[in-house]
file protein-v2.pdb (PDB, C-alpha atoms)
ATOM      1  CA  MET V  17      58.698  -4.767  12.174
ATOM      2  CA  SER V  18      55.491  -3.380  13.639
ATOM      3  CA  HIS V  19      52.123  -4.611  12.431
ATOM      4  CA  ARG V  20      50.119  -1.802  10.817
ATOM      5  CA  ALA V  21      46.673  -1.671   9.250
ATOM      6  CA  CYS V  22      46.585  -1.352   5.473
ATOM      7  CA  SER V  23      45.316   2.214   5.810
ATOM      8  CA  ASP V  24      48.506   3.065   7.741
ATOM      9  CA  LEU V  25      50.913   1.420   5.280
ATOM     10  CA  MET V  26      54.071   3.478   4.946
ATOM     11  CA  GLY V  27      54.688   4.636   1.384
ATOM     12  CA  GLY V  28      52.756   3.623  -1.725
ATOM     13  CA  ALA V  29      50.242   5.604  -3.745
ATOM     14  CA  PHE V  30      48.661   8.784  -2.419
ATOM     15  CA  GLY V  31      45.016   9.077  -1.463
ATOM     16  CA  LEU V  32      43.031  12.291  -1.121
ATOM     17  CA  GLU V  33      45.106  15.025   0.519
ATOM     18  CA  LEU V  34      42.760  16.873   2.819
ATOM     19  CA  PRO V  35      43.395  19.554   5.448
ATOM     20  CA  LEU V  36      42.754  18.809   9.109
ATOM     21  CA  CYS V  37      40.519  21.527  10.548
ATOM     22  CA  ASP V  38      38.940  19.468  13.342
ATOM     23  CA  CYS V  39      36.311  22.093  14.166
ATOM     24  CA  PHE V  40      33.055  20.185  13.659
ATOM     25  CA  PRO V  41      30.506  21.617  16.125
ATOM     26  CA  HIS V  42      29.541  18.221  17.622
ATOM     27  CA  PRO V  43      32.631  16.241  18.739
ATOM     28  CA  GLU V  44      32.208  12.488  18.983
ATOM     29  CA  SER V  45      31.727  11.077  22.488
ATOM     30  CA  PRO V  46      29.760   8.282  24.208
ATOM     31  CA  CYS V  47      26.752  10.648  24.121
ATOM     32  CA  CYS V  48      27.359  11.814  20.543
ATOM     33  CA  ALA V  49      27.151   9.055  17.937
ATOM     34  CA  TYR V  50      28.316   9.340  14.320
ATOM     35  CA  VAL V  51      26.123   7.316  11.960
ATOM     36  CA  ASP V  52      25.377   7.229   8.238
ATOM     37  CA  SER V  53      22.343   9.564   8.035
ATOM     38  CA  GLY V  54      20.061  11.866   9.979
ATOM     39  CA  ARG V  55      17.259   9.292   9.880
ATOM     40  CA  ALA V  56      19.655   6.701  11.329
ATOM     41  CA  ALA V  57      20.464   9.157  14.129
ATOM     42  CA  LEU V  58      16.754   9.505  14.901
ATOM     43  CA  GLN V  59      16.384   5.722  15.047
ATOM     44  CA  LEU V  60      19.285   5.486  17.505
ATOM     45  CA  LEU V  61      17.611   8.037  19.766
ATOM     46  CA  LEU V  62      14.229   6.303  19.613
ATOM     47  CA  GLN V  63      15.813   2.957  20.463
ATOM     48  CA  ALA V  64      17.666   4.525  23.395
ATOM     49  CA  LEU V  65      14.577   6.020  25.057
ATOM     50  CA  PRO V  66      14.008   4.513  28.529
ATOM     51  CA  GLN V  67      10.422   3.699  27.565
ATOM     52  CA  ARG V  68       8.969   2.875  24.149
ATOM     53  CA  PRO V  69       6.621   5.742  23.261
ATOM     54  CA  ARG V  70       2.935   5.028  22.768
ATOM     55  CA  ARG V  71       3.029   7.164  19.592
ATOM     56  CA  VAL V  72       5.244   9.781  17.963
ATOM     57  CA  TRP V  73       4.056  13.247  16.958
ATOM     58  CA  VAL V  74       5.603  14.597  13.751
ATOM     59  CA  PRO V  75       4.865  17.917  12.008
ATOM     60  CA  ARG V  76       2.965  17.657   8.755
ATOM     61  CA  PHE V  77       5.504  19.982   7.144
ATOM     62  CA  ALA V  78       8.326  17.447   7.102
ATOM     63  CA  CYS V  79      10.292  15.209   4.767
ATOM     64  CA  ASP V  80       8.938  11.689   4.304
ATOM     65  CA  THR V  81      12.362  10.229   5.184
ATOM     66  CA  LEU V  82      11.694  11.353   8.761
ATOM     67  CA  LEU V  83       9.007   8.672   8.957
ATOM     68  CA  GLN V  84      11.250   5.824   7.829
ATOM     69  CA  PRO V  85      12.737   4.971  11.261
ATOM     70  CA  LEU V  86       9.286   5.246  12.838
ATOM     71  CA  ARG V  87       7.889   2.757  10.352
ATOM     72  CA  ARG V  88      10.911   0.500  10.834
ATOM     73  CA  LEU V  89      10.325   0.488  14.593
ATOM     74  CA  ARG V  90       6.552   0.081  14.105
ATOM     75  CA  LEU V  91       5.751   3.206  16.083
ATOM     76  CA  PRO V  92       2.323   4.825  15.539
ATOM     77  CA  VAL V  93       2.604   8.319  14.039
ATOM     78  CA  CYS V  94       0.377  11.331  14.686
ATOM     79  CA  ARG V  95       0.756  14.591  12.750
ATOM     80  CA  TYR V  96       0.578  18.161  14.019
ATOM     81  CA  GLU V  97       0.586  21.612  12.436
ATOM     82  CA  ILE V  98       3.114  24.444  12.548
ATOM     83  CA  ALA V  99       2.502  28.189  12.491
ATOM     84  CA  GLU V 100       2.794  29.625   8.984
ATOM     85  CA  GLU V 101       4.203  32.936  10.166
ATOM     86  CA  ASP V 102       7.277  31.575  12.025
ATOM     87  CA  LEU V 103       7.262  27.744  11.629
ATOM     88  CA  SER V 104       6.825  27.205  15.371
ATOM     89  CA  PRO V 105       5.123  23.957  16.537
ATOM     90  CA  LEU V 106       1.396  23.827  17.297
ATOM     91  CA  LEU V 107       1.172  20.562  19.182
ATOM     92  CA  PRO V 108      -2.342  19.574  20.324
ATOM     93  CA  ASP V 109      -3.179  19.237  24.016
ATOM     94  CA  GLU V 110      -3.827  15.500  23.622
ATOM     95  CA  ALA V 111      -0.086  14.793  23.280
ATOM     96  CA  GLY V 112       0.863  13.171  26.566
ATOM     97  CA  GLU V 113       3.717  11.996  28.733
ATOM     98  CA  ASP V 114       3.653   8.512  27.178
ATOM     99  CA  ASP V 115       4.291  10.016  23.735
ATOM    100  CA  ALA V 116       7.369  11.212  21.890
ATOM    101  CA  ALA V 117       7.411  14.217  19.584
ATOM    102  CA  VAL V 118       9.791  15.442  16.892
ATOM    103  CA  PHE V 119      10.333  19.215  16.906
ATOM    104  CA  ILE V 120      12.020  20.511  13.737
ATOM    105  CA  ASN V 121      14.396  23.449  13.916
ATOM    106  CA  TYR V 122      13.623  24.621  10.392
ATOM    107  CA  PHE V 123      16.762  25.865   8.605
ATOM    108  CA  GLY V 124      18.511  26.730  11.873
ATOM    109  CA  LEU V 125      16.193  29.706  12.463
ATOM    110  CA  ALA V 126      13.932  28.391  15.248
ATOM    111  CA  GLY V 127      13.189  30.922  17.934
ATOM    112  CA  ALA V 128      12.069  31.009  21.547
ATOM    113  CA  ALA V 129       8.621  29.555  20.783
ATOM    114  CA  TRP V 130      10.250  26.390  19.412
ATOM    115  CA  GLN V 131      12.532  25.997  22.436
ATOM    116  CA  GLN V 132       9.607  26.586  24.788
ATOM    117  CA  ALA V 133       7.542  23.916  23.011
ATOM    118  CA  VAL V 134      10.362  21.414  23.494
ATOM    119  CA  ALA V 135      10.707  22.352  27.165
ATOM    120  CA  ASP V 136       6.943  22.131  27.798
ATOM    121  CA  PHE V 137       6.350  18.798  26.103
ATOM    122  CA  PRO V 138       5.449  16.233  28.794
ATOM    123  CA  GLY V 139       6.897  13.227  26.945
ATOM    124  CA  ALA V 140      10.165  12.561  25.090
ATOM    125  CA  ALA V 141      11.025  15.590  22.955
ATOM    126  CA  LEU V 142      13.379  14.921  20.032
ATOM    127  CA  ALA V 143      15.002  17.944  18.410
ATOM    128  CA  ASP V 144      15.311  17.548  14.632
ATOM    129  CA  ALA V 145      18.304  19.691  13.710
ATOM    130  CA  THR V 146      18.933  18.091  10.311
ATOM    131  CA  THR V 147      18.639  21.568   8.765
ATOM    132  CA  ALA V 148      20.205  23.265  11.802
ATOM    133  CA  LEU V 149      23.714  21.832  12.088
ATOM    134  CA  TYR V 150      25.093  24.646  14.231
ATOM    135  CA  ALA V 151      22.262  24.672  16.779
ATOM    136  CA  PRO V 152      23.500  23.278  20.106
ATOM    137  CA  PRO V 153      21.643  20.259  21.544
ATOM    138  CA  LEU V 154      18.720  21.332  23.687
ATOM    139  CA  PRO V 155      19.219  20.292  27.329
ATOM    140  CA  GLN V 156      15.453  19.833  27.746
ATOM    141  CA  ALA V 157      15.269  17.344  24.859
ATOM    142  CA  ALA V 158      15.605  13.562  25.050
ATOM    143  CA  GLY V 159      17.969  13.870  22.090
ATOM    144  CA  SER V 160      18.976  15.978  19.099
ATOM    145  CA  PHE V 161      19.942  14.746  15.653
ATOM    146  CA  TYR V 162      21.841  16.326  12.772
ATOM    147  CA  SER V 163      22.641  15.813   9.083
ATOM    148  CA  PRO V 164      26.028  17.434   8.334
ATOM    149  CA  ARG V 165      25.915  16.474   4.642
ATOM    150  CA  LYS V 166      23.259  19.183   4.191
ATOM    151  CA  PHE V 167      25.900  21.740   5.175
ATOM    152  CA  GLY V 168      29.118  20.508   3.524
ATOM    153  CA  GLY V 169      30.669  18.227   0.929
ATOM    154  CA  LEU V 170      30.065  14.814   2.500
ATOM    155  CA  CYS V 171      28.958  11.516   0.992
ATOM    156  CA  ASP V 172      26.595  10.786   3.864
ATOM    157  CA  GLY V 173      26.509  11.052   7.630
ATOM    158  CA  GLY V 174      24.337  11.767  10.630
ATOM    159  CA  VAL V 175      24.890  12.695  14.273
ATOM    160  CA  ALA V 176      22.817  11.754  17.321
ATOM    161  CA  VAL V 177      23.296  13.589  20.627
ATOM    162  CA  ALA V 178      21.642  12.469  23.855
ATOM    163  CA  PRO V 179      21.985  13.191  27.602
ATOM    164  CA  TYR V 180      23.120   9.580  28.061
ATOM    165  CA  PRO V 181      25.476   7.156  26.238
ATOM    166  CA  LEU V 182      24.232   5.782  22.925
ATOM    167  CA  ALA V 183      24.698   2.257  21.584
ATOM    168  CA  LEU V 184      26.319   2.390  18.148
ATOM    169  CA  PRO V 185      25.220   0.179  15.235
ATOM    170  CA  THR V 186      27.309  -2.955  14.763
ATOM    171  CA  ARG V 187      28.058  -2.346  11.067
ATOM    172  CA  THR V 188      30.230   0.439   9.647
ATOM    173  CA  ASP V 189      29.354   2.114   6.378
ATOM    174  CA  ARG V 190      31.646   2.176   3.353
ATOM    175  CA  SER V 191      30.952   5.194   1.175
ATOM    176  CA  SER V 192      33.642   5.238  -1.524
ATOM    177  CA  THR V 193      30.993   4.397  -4.149
ATOM    178  CA  ALA V 194      28.712   7.150  -2.893
ATOM    179  CA  ALA V 195      31.642   9.578  -3.136
ATOM    180  CA  ARG V 196      31.282   9.431  -6.923
ATOM    181  CA  ALA V 197      28.564  12.072  -6.591
ATOM    182  CA  LEU V 198      31.025  14.481  -4.935
ATOM    183  CA  LEU V 199      33.682  13.833  -7.562
ATOM    184  CA  LEU V 200      31.258  14.278 -10.462
ATOM    185  CA  ARG V 201      29.927  17.512  -8.960
ATOM    186  CA  THR V 202      33.489  18.850  -8.762
ATOM    187  CA  GLU V 203      34.578  17.677 -12.183
ATOM    188  CA  SER V 204      31.448  17.902 -14.345
ATOM    189  CA  GLY V 205      28.885  20.030 -12.501
ATOM    190  CA  ALA V 206      25.630  19.493 -10.636
ATOM    191  CA  ALA V 207      23.595  18.162 -13.579
ATOM    192  CA  ALA V 208      26.114  15.423 -14.365
ATOM    193  CA  ALA V 209      26.239  14.420 -10.690
ATOM    194  CA  LEU V 210      22.462  14.192 -10.210
ATOM    195  CA  PRO V 211      22.019  10.437 -10.978
ATOM    196  CA  ALA V 212      24.923   9.524  -8.682
ATOM    197  CA  THR V 213      23.519  11.844  -5.998
ATOM    198  CA  GLU V 214      20.132  10.121  -6.178
ATOM    199  CA  ARG V 215      21.760   6.681  -5.930
ATOM    200  CA  ALA V 216      23.788   7.814  -2.921
ATOM    201  CA  GLU V 217      20.594   9.045  -1.262
ATOM    202  CA  ALA V 218      18.663   5.847  -2.006
ATOM    203  CA  ARG V 219      21.295   3.660  -0.334
ATOM    204  CA  LEU V 220      20.519   5.265   3.031
ATOM    205  CA  ASN V 221      17.077   3.634   3.182
ATOM    206  CA  ARG V 222      18.335   0.850   5.444
ATOM    207  CA  GLU V 223      19.145  -0.039   9.027
ATOM    208  CA  PRO V 224      21.572   2.416  10.671
ATOM    209  CA  ARG V 225      25.319   1.990  10.290
ATOM    210  CA  ARG V 226      28.289   3.773  11.793
ATOM    211  CA  MET V 227      29.632   6.665   9.772
ATOM    212  CA  SER V 228      32.130   5.557   7.131
ATOM    213  CA  PRO V 229      35.861   6.266   7.560
ATOM    214  CA  LEU V 230      35.737   8.406   4.407
ATOM    215  CA  SER V 231      32.913  10.587   5.711
ATOM    216  CA  ARG V 232      34.703  10.958   9.058
ATOM    217  CA  ARG V 233      37.841  12.160   7.277
ATOM    218  CA  LEU V 234      35.900  14.580   5.085
ATOM    219  CA  LEU V 235      34.085  15.857   8.188
ATOM    220  CA  ARG V 236      37.419  16.756   9.769
ATOM    221  CA  SER V 237      38.623  18.571   6.639
ATOM    222  CA  ILE V 238      35.865  21.211   6.453
ATOM    223  CA  ASP V 239      36.390  24.579   8.126
ATOM    224  CA  TRP V 240      33.014  24.623   9.837
ATOM    225  CA  VAL V 241      33.807  27.836  11.723
ATOM    226  CA  ALA V 242      34.544  29.827   8.548
ATOM    227  CA  ALA V 243      31.499  28.271   6.890
ATOM    228  CA  ALA V 244      29.261  29.434   9.744
ATOM    229  CA  ARG V 245      30.588  33.003   9.494
ATOM    230  CA  ARG V 246      29.919  33.099   5.760
ATOM    231  CA  ARG V 247      26.407  31.687   6.132
ATOM    232  CA  CYS V 248      25.481  34.270   8.772
ATOM    233  CA  ALA V 249      26.943  37.142   6.747
ATOM    234  CA  ASN V 250      25.008  36.072   3.646
ATOM    235  CA  TYR V 251      21.816  35.728   5.685
ATOM    236  CA  ARG V 252      22.142  39.338   6.856
ATOM    237  CA  VAL V 253      22.502  40.592   3.286
ATOM    238  CA  LEU V 254      19.429  38.700   2.103
ATOM    239  CA  HIS V 255      17.280  39.507   5.121
ATOM    240  CA  ALA V 256      18.035  43.230   4.976
ATOM    241  CA  ALA V 257      16.748  43.274   1.399
ATOM    242  CA  LEU V 258      13.900  40.760   1.650
ATOM    243  CA  ARG V 259      12.388  41.148   5.137
ATOM    244  CA  GLU V 260       9.517  43.325   3.831
ATOM    245  CA  LEU V 261       8.787  40.896   1.000
ATOM    246  CA  ASN V 262       8.996  37.754   3.129
ATOM    247  CA  HIS V 263       5.764  36.437   4.622
ATOM    248  CA  LEU V 264       7.811  34.499   7.185
ATOM    249  CA  ARG V 265       8.748  36.284  10.388
ATOM    250  CA  LEU V 266      12.483  35.652  10.668
ATOM    251  CA  PRO V 267      15.025  36.871  13.245
ATOM    252  CA  GLU V 268      17.222  39.846  12.433
ATOM    253  CA  GLU V 269      20.223  37.848  13.578
ATOM    254  CA  PRO V 270      20.216  34.082  12.976
ATOM    255  CA  PRO V 271      20.354  32.103  16.258
ATOM    256  CA  SER V 272      22.690  29.630  14.538
ATOM    257  CA  ALA V 273      24.302  29.483  11.109
ATOM    258  CA  PRO V 274      21.338  28.822   8.794
ATOM    259  CA  GLN V 275      21.021  26.211   6.090
ATOM    260  CA  CYS V 276      19.337  28.628   3.666
ATOM    261  CA  TYR V 277      17.264  31.806   3.570
ATOM    262  CA  PRO V 278      13.617  30.642   3.536
ATOM    263  CA  LEU V 279      11.638  33.125   1.445
ATOM    264  CA  VAL V 280       7.862  32.761   1.410
ATOM    265  CA  THR V 281       6.237  35.034  -1.116
ATOM    266  CA  ALA V 282       3.245  35.124  -3.406
ATOM    267  CA  ILE V 283       5.201  36.466  -6.404
ATOM    268  CA  PRO V 284       3.902  34.376  -9.321
ATOM    269  CA  GLY V 285       6.473  32.382 -11.259
ATOM    270  CA  LEU V 286       9.436  33.396  -9.079
ATOM    271  CA  ARG V 287      10.599  29.823  -8.458
ATOM    272  CA  ASP V 288      10.557  28.988 -12.156
ATOM    273  CA  SER V 289      12.320  32.180 -13.168
ATOM    274  CA  LEU V 290      15.124  31.584 -10.642
ATOM    275  CA  VAL V 291      15.518  27.941 -11.609
ATOM    276  CA  ASP V 292      15.682  28.953 -15.288
ATOM    277  CA  VAL V 293      18.748  31.129 -14.598
ATOM    278  CA  GLY V 294      20.547  28.428 -12.607
ATOM    279  CA  VAL V 295      19.465  28.863  -8.970
ATOM    280  CA  ALA V 296      18.876  25.488  -7.275
ATOM    281  CA  LEU V 297      15.665  25.641  -5.236
ATOM    282  CA  PRO V 298      14.761  22.240  -3.767
ATOM    283  CA  LEU V 299      11.106  21.677  -2.949
ATOM    284  CA  TYR V 300      10.493  21.181   0.790
ATOM    285  CA  TRP V 301       8.757  18.754   0.451
ATOM    286  CA  PRO V 302       6.933  17.340  -2.606
ATOM    287  CA  GLU V 303       5.192  14.602  -0.615
ATOM    288  CA  VAL V 304       3.544  17.285   1.550
ATOM    289  CA  ILE V 305       1.896  18.703  -1.569
ATOM    290  CA  ALA V 306       0.874  15.261  -2.808
ATOM    291  CA  ASP V 307      -0.672  14.258   0.534
ATOM    292  CA  SER V 308      -2.651  17.401   1.388
ATOM    293  CA  ASP V 309      -5.217  19.839  -0.009
ATOM    294  CA  ALA V 310      -4.109  23.094  -1.627
ATOM    295  CA  SER V 311      -5.847  25.032   1.171
ATOM    296  CA  ASP V 312      -3.815  23.266   3.854
ATOM    297  CA  SER V 313      -1.158  25.351   5.630
ATOM    298  CA  ALA V 314       1.613  22.770   5.136
ATOM    299  CA  ASN V 315       0.684  22.535   1.451
ATOM    300  CA  ARG V 316       0.895  26.326   1.066
ATOM    301  CA  LEU V 317       4.301  26.385   2.728
ATOM    302  CA  ALA V 318       5.629  23.596   0.536
ATOM    303  CA  ARG V 319       4.464  25.368  -2.624
ATOM    304  CA  ARG V 320       5.546  28.893  -1.714
ATOM    305  CA  LEU V 321       8.755  28.457   0.282
ATOM    306  CA  LEU V 322      11.916  29.218  -1.693
ATOM    307  CA  PRO V 323      15.098  28.048   0.122
ATOM    308  CA  LEU V 324      17.559  30.610  -1.215
ATOM    309  CA  PRO V 325      21.194  29.413  -1.125
ATOM    310  CA  LEU V 326      23.530  31.307   1.219
ATOM    311  CA  ASP V 327      26.189  28.741   2.061
ATOM    312  CA  GLN V 328      29.958  29.038   2.310
ATOM    313  CA  ARG V 329      30.490  28.753  -1.458
ATOM    314  CA  TYR V 330      29.078  32.248  -1.907
ATOM    315  CA  ASP V 331      29.920  35.774  -0.811
ATOM    316  CA  THR V 332      28.253  39.187  -0.705
ATOM    317  CA  HIS V 333      28.598  39.671  -4.458
ATOM    318  CA  ASP V 334      26.747  36.401  -5.055
ATOM    319  CA  MET V 335      23.972  37.466  -2.671
ATOM    320  CA  GLU V 336      23.626  40.804  -4.475
ATOM    321  CA  ARG V 337      23.366  39.000  -7.807
ATOM    322  CA  LEU V 338      20.688  36.712  -6.341
ATOM    323  CA  LEU V 339      18.757  39.758  -5.126
ATOM    324  CA  ARG V 340      18.898  41.318  -8.589
ATOM    325  CA  LEU V 341      17.451  38.117 -10.040
ATOM    326  CA  ILE V 342      14.605  38.168  -7.480
ATOM    327  CA  ARG V 343      13.794  41.800  -8.212
ATOM    328  CA  GLY V 344      13.726  41.031 -11.933
TER     329      GLY V 344
END
call {"tool": "encode", "arguments": {"input": "protein-v2.pdb", "output": "structure tokens"}}
result
Amino acid sequence: MSHRACSDLMGGAFGLELPLCDCFPHPESPCCAYVDSGRAALQLLLQALPQRPRRVWVPRFACDTLLQPLRRLRLPVCRYEIAEEDLSPLLPDEAGEDDAAVFINYFGLAGAAWQQAVADFPGAALADATTALYAPPLPQAAGSFYSPRKFGGLCDGGVAVAPYPLALPTRTDRSSTAARALLLRTESGAAAALPATERAEARLNREPRRMSPLSRRLLRSIDWVAAARRRCANYRVLHAALRELNHLRLPEEPPSAPQCYPLVTAIPGLRDSLVDVGVALPLYWPEVIADSDASDSANRLARRLLPLPLDQRYDTHDMERLLRLIRG
């Protein structure tokens, strides 16, 4: 009788029956590490740099979780601005070759100016693709990192990609408890799942771990190719109708499948009116508003940007309904 792991036991009760699509855009390899969160992926990349950076430049328009690995590694942080019209980086000239810098590909819609900024940076450029899952790693960057759970039904998970092999964390995550949020969302709706979702998020404030077996299996079950097609199609519908209203300069054709459609407008009360009729519009990011003046460009973006949903759960009819709600 052969010796088999418990997970391979023949017979017994069934677990989740999931399809095997195996089309995730970033296959695992020695240079592509699967960990438990996007912030863990950033920490892996920082630890793998040939030289510890003197300081790390981070855009002011960014989630506070981005700073967690920098604080954990005791790296000094400097902030820089981004252009309000297209979200491209405006890094000051004082950033030098002994520094590292995080360049965010906002919502998967970064253009040539963003890529050029990464290529021109004299130090270690780190491409934050946590809202740009389908963007390929930039060859000029010291590393790129992703957060697939922002694009599909996953408990957790992050991906780090570098031009050299990465050392994986010693511990492996176990996320069956965190999966309660996914199950509640399916069975009882988003409101019922919110407390479990917040608990699942809070557990990621820790040292990096390898991606859990459950998250790996869920990752393989999602049809990422079909999801990308749907996201791009929905983007085209929204952009055709909203380009004149949008204060952001966005590409006619998305360079990669976007996370959302970022609408920046001065229409008073639009966020509240959409939320009141059941459109989820997360605030990117509340800590930016709390930590800056109302006249600040990052503050204005945080208050005015509406991340309209366009993901694979929705089709053209859903986008047309969303447009009717925006038009009032």
call {"tool": "closest_residue", "arguments": {"input": "protein-v2.pdb", "among": "V:Phe40, V:Phe30, V:Tyr330, V:Phe77", "to": "Glu303 (chain V)", "atoms": "only C-alpha atoms"}}
result
V:Phe77
call {"tool": "resolve_selection", "arguments": {"input": "protein-v2.pdb", "expression": "the PyMOL selection byres ((chain V and resi 217) around 12)", "output": "list in words"}}
result
Asp52, Ser53, Gly54, Arg55, Thr81, Arg165, Lys166, Leu170, Cys171, Asp172, Gly173, Ser191, Thr193, Ala194, Ala195, Ala197, Leu210, Pro211, Ala212, Thr213, Glu214, Arg215, Ala216, Ala218, Arg219, Leu220, Asn221 and Arg222 of chain V
call {"tool": "closest_residue", "arguments": {"input": "protein-v2.pdb", "among": "V:Asp80, V:Glu269, V:Asp189, V:Glu110", "to": "Pro229 (chain V)", "atoms": "all atoms listed in the file"}}
result
V:Asp189
call {"tool": "atom_distance", "arguments": {"input": "protein-v2.pdb", "atom1": "CA of Tyr50 (chain V)", "atom2": "CA of Ala208 (chain V)"}}
result
29.4 Å
call {"tool": "atom_distance", "arguments": {"input": "protein-v2.pdb", "atom1": "CA of Ala117 (chain V)", "atom2": "CA of Ala141 (chain V)"}}
result
5.1 Å
call {"tool": "resolve_selection", "arguments": {"input": "protein-v2.pdb", "expression": "the PyMOL selection byres ((chain V and resi 92) around 9)", "output": "list in words"}}
result
Pro69, Arg70, Arg71, Val72, Trp73, Leu86, Arg87, Arg90, Leu91, Val93 and Cys94 of chain V
call {"tool": "resolve_selection", "arguments": {"input": "protein-v2.pdb", "expression": "the PyMOL selection byres ((chain V and resi 225) around 7)", "output": "compact mmCIF listing (two decimals) with C-alpha atoms, keeping the file's coordinate frame"}}
result
# COMPACT_ATOMS: atom_id res chain seq x y z
CA VAL V 51 26.12 7.32 11.96
CA ASP V 52 25.38 7.23 8.24
CA PRO V 185 25.22 0.18 15.24
CA THR V 186 27.31 -2.96 14.76
CA ARG V 187 28.06 -2.35 11.07
CA THR V 188 30.23 0.44 9.65
CA ASP V 189 29.35 2.11 6.38
CA GLU V 223 19.14 -0.04 9.03
CA PRO V 224 21.57 2.42 10.67
CA ARG V 226 28.29 3.77 11.79
CA MET V 227 29.63 6.66 9.77
call {"tool": "atom_distance", "arguments": {"input": "protein-v2.pdb", "atom1": "CA of Leu36 (chain V)", "atom2": "CA of Pro270 (chain V)"}}
result
27.5 Å
call {"tool": "residues_near_point", "arguments": {"input": "protein-v2.pdb", "point": "(11.7, 21.1, 1.5)", "cutoff": "7 Å", "atoms": "all atoms listed in the file", "output": "compact mmCIF listing (two decimals) with C-alpha atoms, in the frame of the given file"}}
result
# COMPACT_ATOMS: atom_id res chain seq x y z
CA CYS V 79 10.29 15.21 4.77
CA PRO V 298 14.76 22.24 -3.77
CA LEU V 299 11.11 21.68 -2.95
CA TYR V 300 10.49 21.18 0.79
CA TRP V 301 8.76 18.75 0.45
CA ALA V 318 5.63 23.60 0.54
call {"tool": "closest_residue", "arguments": {"input": "protein-v2.pdb", "among": "V:Ala243, V:Ala57, V:Leu266, V:Ala126", "to": "Val175 (chain V)", "atoms": "only C-alpha atoms"}}
result
V:Ala57
call {"tool": "closest_residue", "arguments": {"input": "protein-v2.pdb", "among": "V:Leu230, V:Leu103, V:Leu184, V:Ala157", "to": "Gly169 (chain V)", "atoms": "all atoms listed in the file"}}
result
V:Leu230
call {"tool": "residues_near_point", "arguments": {"input": "protein-v2.pdb", "point": "(6.1, 28.5, -9.4)", "cutoff": "12 Å", "atoms": "only C-alpha atoms", "output": "PyMOL selection string"}}
result
chain V and resi 280-292+297+299+316+318-322
call {"tool": "axis_aligned_box", "arguments": {"input": "protein-v2.pdb", "around": "region 282-296 of chain V", "padding_each_side": "5 Å", "output": "lines of an AutoDock Vina configuration file"}}
result
center_x = 11.9
center_y = 31.0
center_z = -9.3
size_x = 27.3
size_y = 21.0
size_z = 21.9
call {"tool": "residues_around", "arguments": {"input": "protein-v2.pdb", "residues": "Pro271 (chain V)", "least_positions_apart": "3", "cutoff": "8 Å", "atoms": "all atoms listed in the file", "output": "VMD selection string"}}
result
chain V and resid 124 to 127 151 267
call {"tool": "residues_around", "arguments": {"input": "protein-v2.pdb", "residues": "region 333-344 of chain V", "least_positions_apart": "4", "cutoff": "7 Å", "atoms": "only C-alpha atoms", "output": "ChimeraX atom specification"}}
result
/V:250,253-254,290
call {"tool": "decode", "arguments": {"input": "protein-v2.pdb", "residues": "region 34-66 of chain V", "atoms": "C-alpha atoms", "output": "PDB file, in the first residue's frame"}}
result
ATOM      1  CA  LEU V  34     -13.711  23.401  -8.615  1.00  0.00           C
ATOM      2  CA  PRO V  35     -12.820  23.558 -12.313  1.00  0.00           C
ATOM      3  CA  LEU V  36      -9.186  23.575 -13.390  1.00  0.00           C
ATOM      4  CA  CYS V  37      -8.608  26.511 -15.735  1.00  0.00           C
ATOM      5  CA  ASP V  38      -4.890  26.999 -15.042  1.00  0.00           C
ATOM      6  CA  CYS V  39      -4.698  30.318 -16.892  1.00  0.00           C
ATOM      7  CA  PHE V  40      -3.456  32.697 -14.191  1.00  0.00           C
ATOM      8  CA  PRO V  41      -1.341  35.373 -15.921  1.00  0.00           C
ATOM      9  CA  HIS V  42       1.709  34.918 -13.643  1.00  0.00           C
ATOM     10  CA  PRO V  43       2.777  31.239 -13.430  1.00  0.00           C
ATOM     11  CA  GLU V  44       4.776  30.256 -10.370  1.00  0.00           C
ATOM     12  CA  SER V  45       8.535  29.899 -10.865  1.00  0.00           C
ATOM     13  CA  PRO V  46      11.760  30.572  -8.920  1.00  0.00           C
ATOM     14  CA  CYS V  47      11.382  34.227  -9.993  1.00  0.00           C
ATOM     15  CA  CYS V  48       7.638  34.385  -9.294  1.00  0.00           C
ATOM     16  CA  ALA V  49       6.694  33.803  -5.658  1.00  0.00           C
ATOM     17  CA  TYR V  50       3.172  33.128  -4.372  1.00  0.00           C
ATOM     18  CA  VAL V  51       2.609  34.634  -0.924  1.00  0.00           C
ATOM     19  CA  ASP V  52      -0.355  35.609   1.241  1.00  0.00           C
ATOM     20  CA  SER V  53      -0.812  39.287   0.258  1.00  0.00           C
ATOM     21  CA  GLY V  54       0.398  42.074  -1.991  1.00  0.00           C
ATOM     22  CA  ARG V  55       2.175  43.755   0.925  1.00  0.00           C
ATOM     23  CA  ALA V  56       3.975  40.473   1.657  1.00  0.00           C
ATOM     24  CA  ALA V  57       5.070  40.371  -1.993  1.00  0.00           C
ATOM     25  CA  LEU V  58       6.511  43.877  -1.662  1.00  0.00           C
ATOM     26  CA  GLN V  59       8.427  42.844   1.457  1.00  0.00           C
ATOM     27  CA  LEU V  60       9.908  39.857  -0.385  1.00  0.00           C
ATOM     28  CA  LEU V  61      11.125  42.142  -3.165  1.00  0.00           C
ATOM     29  CA  LEU V  62      12.624  44.671  -0.750  1.00  0.00           C
ATOM     30  CA  GLN V  63      14.455  41.920   1.124  1.00  0.00           C
ATOM     31  CA  ALA V  64      15.799  40.518  -2.150  1.00  0.00           C
ATOM     32  CA  LEU V  65      17.332  43.786  -3.377  1.00  0.00           C
ATOM     33  CA  PRO V  66      21.128  43.478  -3.754  1.00  0.00           C
TER      34      PRO V  66
END
